[in-house]
file start.cif (mmCIF, C-alpha atoms and all ligand atoms)
data_start
loop_
_atom_site.label_atom_id
_atom_site.label_comp_id
_atom_site.auth_asym_id
_atom_site.auth_seq_id
_atom_site.Cartn_x
_atom_site.Cartn_y
_atom_site.Cartn_z
CA MET A 128 0.00 0.00 0.00
CA PHE A 129 1.32 3.39 -1.02
CA LEU A 130 0.57 6.26 1.32
CA ASP A 131 0.91 9.96 0.85
CA ARG A 132 2.06 11.70 4.03
CA ASP A 133 0.67 15.23 4.45
CA GLY A 134 -3.10 15.07 4.61
CA VAL A 135 -3.11 11.29 5.07
CA ILE A 136 -0.70 10.30 7.85
CA ASN A 137 -0.58 13.75 9.40
CA VAL A 138 -2.69 16.86 9.12
CA ASP A 139 -1.51 18.96 6.18
CA LYS A 140 -0.55 22.31 7.63
CA GLY A 141 1.68 23.17 4.65
CA TYR A 142 5.36 22.24 4.57
CA VAL A 143 5.25 20.41 7.86
CA CYS A 144 8.82 19.99 9.08
CA ARG A 145 8.74 20.34 12.87
CA ILE A 146 7.72 17.74 15.40
CA ALA A 147 5.42 20.27 17.09
CA ASP A 148 3.44 20.59 13.84
CA PHE A 149 3.15 16.86 13.18
CA VAL A 150 -0.39 15.84 14.16
CA PHE A 151 -1.65 12.41 13.17
CA MET A 152 -4.86 12.30 11.13
CA PRO A 153 -8.01 10.91 12.76
CA GLY A 154 -8.33 7.20 11.96
CA ILE A 155 -4.80 6.69 10.69
CA PHE A 156 -3.74 4.29 13.44
CA GLU A 157 -6.67 1.97 12.79
CA LEU A 158 -6.17 2.20 9.05
CA LEU A 159 -2.50 1.26 9.28
CA SER A 160 -3.28 -1.57 11.68
CA VAL A 161 -5.88 -3.05 9.34
CA ALA A 162 -3.64 -2.63 6.30
CA LYS A 163 -0.78 -4.33 8.12
CA ALA A 164 -3.02 -7.19 9.24
CA GLN A 165 -4.17 -7.60 5.61
CA GLY A 166 -0.55 -8.10 4.62
CA PHE A 167 0.06 -4.80 2.86
CA LEU A 168 3.52 -3.35 2.91
CA LEU A 169 3.28 0.25 4.08
CA LEU A 170 5.22 2.46 1.70
CA LEU A 171 5.31 6.20 2.14
CA VAL A 172 5.57 8.28 -1.04
CA THR A 173 5.79 11.96 -0.26
CA ASN A 174 6.61 15.10 -2.21
CA GLN A 175 8.80 17.34 -0.07
CA SER A 176 9.57 20.33 -2.25
CA GLY A 177 10.03 22.35 0.94
CA ILE A 178 13.57 20.99 0.83
CA ALA A 179 14.29 22.44 -2.63
CA ARG A 180 12.57 25.64 -1.59
CA GLY A 181 14.96 25.93 1.36
CA TYR A 182 12.26 25.76 4.03
CA TYR A 183 13.88 22.77 5.72
CA SER A 184 16.69 20.30 5.13
CA VAL A 185 16.87 16.62 4.28
CA GLN A 186 18.08 16.10 7.84
CA ASP A 187 14.97 17.87 9.16
CA PHE A 188 12.88 15.53 7.05
CA TRP A 189 14.60 12.45 8.46
CA ASN A 190 14.34 13.78 12.00
CA LEU A 191 10.60 14.22 11.56
CA SER A 192 10.36 10.79 9.92
CA ALA A 193 12.12 9.23 12.91
CA HIS A 194 9.62 10.92 15.21
CA MET A 195 6.73 9.61 13.09
CA GLN A 196 8.11 6.08 13.20
CA THR A 197 8.65 6.23 16.96
CA CYS A 198 5.07 7.41 17.51
CA LEU A 199 3.69 4.70 15.24
CA GLN A 200 5.74 2.07 17.00
CA ALA A 201 4.29 3.22 20.32
CA LYS A 202 0.71 3.48 19.05
CA VAL A 203 0.31 0.47 16.77
CA GLY A 204 3.45 -1.57 17.34
CA PHE A 205 5.13 -1.05 13.97
CA GLY A 206 6.42 1.72 11.74
CA LEU A 207 6.03 2.22 8.00
CA ASP A 208 8.05 -0.28 6.00
CA LYS A 209 9.80 2.25 3.79
CA ILE A 210 9.92 5.99 3.29
CA TYR A 211 10.32 7.44 -0.19
CA PHE A 212 10.45 11.17 -0.69
CA CYS A 213 11.08 13.65 -3.47
CA PRO A 214 13.07 16.67 -2.26
CA HIS A 215 12.93 18.49 -5.61
CA ALA A 216 11.11 21.53 -6.90
CA PRO A 217 8.17 20.98 -9.28
CA HIS A 218 9.04 20.12 -12.89
CA THR A 219 12.71 19.38 -12.20
CA CYS A 220 12.80 15.64 -11.67
CA ALA A 221 11.22 12.28 -12.39
CA CYS A 222 10.36 11.42 -8.80
CA ARG A 223 7.90 14.13 -7.79
CA LYS A 224 4.34 12.75 -7.90
CA PRO A 225 2.62 12.34 -10.30
CA GLY A 226 5.97 11.23 -11.69
CA LEU A 227 6.66 7.56 -11.06
CA GLY A 228 10.22 7.66 -9.73
CA MET A 229 9.25 6.64 -6.22
CA LEU A 230 7.07 3.81 -7.52
CA GLU A 231 9.90 2.56 -9.71
CA GLN A 232 12.23 2.59 -6.72
CA ALA A 233 9.69 0.63 -4.68
CA LEU A 234 9.52 -1.96 -7.46
CA ARG A 235 13.28 -2.34 -7.25
CA ASP A 236 13.12 -2.71 -3.46
CA PHE A 237 10.15 -5.04 -3.13
CA ASP A 238 8.34 -7.75 -5.04
CA LEU A 239 5.06 -5.90 -5.58
CA ASN A 240 1.84 -6.81 -7.32
CA LEU A 241 0.66 -3.35 -8.33
CA GLY A 242 -2.76 -4.55 -9.48
CA GLN A 243 -3.48 -5.70 -5.94
CA SER A 244 -1.86 -2.67 -4.42
CA CYS A 245 -3.51 0.48 -3.15
CA MET A 246 -2.64 4.18 -3.27
CA LEU A 247 -4.09 6.46 -0.63
CA GLY A 248 -3.71 10.20 -1.08
CA ASP A 249 -5.48 13.52 -0.82
CA LYS A 250 -4.30 15.25 -3.99
CA PHE A 251 -5.17 14.56 -7.60
CA SER A 252 -1.44 14.13 -8.28
CA ASP A 253 -1.52 11.16 -5.88
CA MET A 254 -4.31 9.65 -7.96
CA GLN A 255 -2.46 10.28 -11.22
CA PHE A 256 0.54 8.55 -9.67
CA GLY A 257 -1.61 5.53 -8.85
CA LEU A 258 -3.40 5.38 -12.18
CA GLN A 259 -0.31 5.90 -14.31
CA GLY A 260 1.61 3.44 -12.16
CA GLY A 261 -0.98 0.70 -12.60
CA ILE A 262 -2.01 0.57 -8.95
CA GLY A 263 -5.30 -1.31 -8.70
CA LEU A 264 -7.10 0.67 -6.02
CA ASN A 265 -6.78 4.41 -5.74
CA LEU A 266 -8.40 5.94 -2.67
CA TRP A 267 -8.84 9.69 -2.79
CA LEU A 268 -9.36 11.27 0.58
CA GLU A 269 -11.70 14.22 0.26
CA GLY A 270 -11.42 13.99 -3.49
CA SER A 271 -13.65 15.45 -6.19
CA ILE A 272 -16.45 13.00 -6.98
CA GLU A 273 -16.95 14.24 -10.55
CA LYS A 274 -13.28 13.91 -11.32
CA ALA A 275 -13.15 10.52 -9.63
CA ASN A 276 -16.05 8.92 -11.52
CA PHE A 277 -14.30 9.79 -14.69
CA GLN A 278 -11.03 8.17 -13.68
CA LYS A 279 -11.92 5.02 -11.75
CA LEU A 280 -10.94 6.56 -8.47
CA VAL A 281 -12.63 5.91 -5.16
CA CYS A 282 -13.50 8.97 -3.10
CA ILE A 283 -13.58 8.67 0.66
CA SER A 284 -14.50 11.39 3.09
CA ASP A 285 -12.40 10.12 5.98
CA LEU A 286 -9.90 7.39 6.74
CA LYS A 287 -12.49 5.17 8.38
CA GLN A 288 -14.14 4.76 4.98
CA ALA A 289 -10.92 3.32 3.61
CA LEU A 290 -11.19 0.31 5.93
CA GLY A 291 -14.03 -1.27 3.95
CA PHE A 292 -11.96 -1.26 0.78
CA LEU A 293 -8.98 -2.93 2.41
CA LYS A 294 -10.94 -5.66 4.09
CA ASP A 295 -12.62 -7.22 1.04
MG MG A 301 -1.05 15.13 0.63
ZN ZN A 302 12.12 14.46 -7.26
#
call {"tool": "encode", "arguments": {"input": "start.cif", "output": "structure tokens"}}
result
Amino acid sequence: MFLDRDGVINVDKGYVCRIADFVFMPGIFELLSVAKAQGFLLLLVTNQSGIARGYYSVQDFWNLSAHMQTCLQAKVGFGLDKIYFCPHAPHTCACRKPGLGMLEQALRDFDLNLGQSCMLGDKFSDMQFGLQGGIGLNLWLEGSIEKANFQKLVCISDLKQALGFLKD
């Protein structure tokens, strides 16, 4: 399972880089627990252009990631299996979503069946990433229903709604 970070794992406050600003989303602990129990690998794919913009450093990103993993370990008993991030500015690389660089790296790291995999994100670029990458189930948190019907996306209004799609 591919997971966006800001707006999915934590509340998107815009360029979140400090521990004090990292607030877990309602329902994320249960969602991750169910996904883990269903056998999904938990792969974070996050655009972090704040690094290229000079708002924070790669080290800041890893410090915050370590905090996230520690909290998850304490709350649900495991952390995410892998963290992929794009530190680049828009239109300068192949790894910023909807580009597929992070997906391609995941395919090198793990034996994945993308058709049975899931992408969960809150931006249309997350959905484009999933669709163009061949991911079977694309869950769009607070997505646009008109846009979704068109594109075989599944809109959900909160993380609890995602549970039903993982359990079938
Ligand atoms: Mg997001
Ligand atoms: Zn990139």
call {"tool": "residues_near_point", "arguments": {"input": "start.cif", "point": "(-9.8, -11.4, 4.9)", "cutoff": "10 Å", "atoms": "all atoms listed in the file", "output": "list in words"}}
result
Ala164, Gln165, Gly166, Leu293, Lys294 and Asp295 of chain A
call {"tool": "residues_near_ligand", "arguments": {"input": "start.cif", "ligand": "ligand ZN 302 (chain A)", "cutoff": "10 Å", "atoms": "all atoms listed in the file", "output": "compact mmCIF listing (two decimals) with C-alpha atoms, in the coordinates of the input"}}
result
# COMPACT_ATOMS: atom_id res chain seq x y z
CA THR A 173 5.79 11.96 -0.26
CA ASN A 174 6.61 15.10 -2.21
CA GLN A 175 8.80 17.34 -0.07
CA SER A 176 9.57 20.33 -2.25
CA ALA A 179 14.29 22.44 -2.63
CA PHE A 212 10.45 11.17 -0.69
CA CYS A 213 11.08 13.65 -3.47
CA PRO A 214 13.07 16.67 -2.26
CA HIS A 215 12.93 18.49 -5.61
CA ALA A 216 11.11 21.53 -6.90
CA PRO A 217 8.17 20.98 -9.28
CA HIS A 218 9.04 20.12 -12.89
CA THR A 219 12.71 19.38 -12.20
CA CYS A 220 12.80 15.64 -11.67
CA ALA A 221 11.22 12.28 -12.39
CA CYS A 222 10.36 11.42 -8.80
CA ARG A 223 7.90 14.13 -7.79
CA LYS A 224 4.34 12.75 -7.90
CA GLY A 226 5.97 11.23 -11.69
CA LEU A 227 6.66 7.56 -11.06
CA GLY A 228 10.22 7.66 -9.73
CA MET A 229 9.25 6.64 -6.22
call {"tool": "atom_distance", "arguments": {"input": "start.cif", "atom1": "CA of Phe237 (chain A)", "atom2": "CA of Ser184 (chain A)"}}
result
27.4 Å
call {"tool": "closest_residue", "arguments": {"input": "start.cif", "among": "A:Leu258, A:Leu171, A:Val203, A:Met195", "to": "ligand MG 301 (chain A)", "atoms": "all atoms listed in the file"}}
result
A:Leu171
call {"tool": "residues_around", "arguments": {"input": "start.cif", "residues": "Leu247 (chain A)", "least_positions_apart": "4", "cutoff": "9 Å", "atoms": "only C-alpha atoms", "output": "list in words"}}
result
Met128, Phe129, Leu130, Asp131, Val135, Asp253, Met254, Gly257, Leu264, Asn265, Leu266, Trp267, Leu268 and Ala289 of chain A
call {"tool": "closest_residue", "arguments": {"input": "start.cif", "among": "A:Cys198, A:Val172, A:Ala162, A:Leu241", "to": "ligand MG 301 (chain A)", "atoms": "all atoms listed in the file"}}
result
A:Val172
call {"tool": "atom_distance", "arguments": {"input": "start.cif", "atom1": "CA of Ser284 (chain A)", "atom2": "CA of Glu269 (chain A)"}}
result
4.9 Å
call {"tool": "residues_near_ligand", "arguments": {"input": "start.cif", "ligand": "ligand MG 301 (chain A)", "cutoff": "7 Å", "atoms": "all atoms listed in the file", "output": "list of chain:residue names"}}
result
A:Asp131, A:Arg132, A:Asp133, A:Gly134, A:Val135, A:Asp139, A:Gly248, A:Asp249, A:Lys250
call {"tool": "atom_distance", "arguments": {"input": "start.cif", "atom1": "CA of Gly204 (chain A)", "atom2": "CA of Leu158 (chain A)"}}
result
13.2 Å
call {"tool": "residues_around", "arguments": {"input": "start.cif", "residues": "Ile155 (chain A)", "least_positions_apart": "6", "cutoff": "9 Å", "atoms": "only C-alpha atoms", "output": "NGL selection string"}}
result
:A and (135-137 or 286-287)
call {"tool": "axis_aligned_box", "arguments": {"input": "start.cif", "around": "region 157-175 of chain A", "padding_each_side": "8 Å", "output": "JSON"}}
result
{"center_x": 1.1, "center_y": 4.6, "center_z": 5.3, "size_x": 31.5, "size_y": 41.4, "size_z": 31.0}
call {"tool": "closest_residue", "arguments": {"input": "start.cif", "among": "A:Cys144, A:Val281, A:Ile272, A:Leu168", "to": "Gly206 (chain A)", "atoms": "all atoms listed in the file"}}
result
A:Leu168
call {"tool": "residues_near_point", "arguments": {"input": "start.cif", "point": "(8.7, 17.2, 15.6)", "cutoff": "8 Å", "atoms": "only C-alpha atoms", "output": "mmCIF file with C-alpha atoms, in the coordinates of the input"}}
result
data_model
loop_
_atom_site.group_PDB
_atom_site.id
_atom_site.type_symbol
_atom_site.label_atom_id
_atom_site.label_comp_id
_atom_site.auth_asym_id
_atom_site.auth_seq_id
_atom_site.Cartn_x
_atom_site.Cartn_y
_atom_site.Cartn_z
ATOM 1 C CA CYS A 144 8.820 19.990 9.080
ATOM 2 C CA ARG A 145 8.740 20.340 12.870
ATOM 3 C CA ILE A 146 7.720 17.740 15.400
ATOM 4 C CA ALA A 147 5.420 20.270 17.090
ATOM 5 C CA ASP A 148 3.440 20.590 13.840
ATOM 6 C CA PHE A 149 3.150 16.860 13.180
ATOM 7 C CA ASN A 190 14.340 13.780 12.000
ATOM 8 C CA LEU A 191 10.600 14.220 11.560
ATOM 9 C CA HIS A 194 9.620 10.920 15.210
#
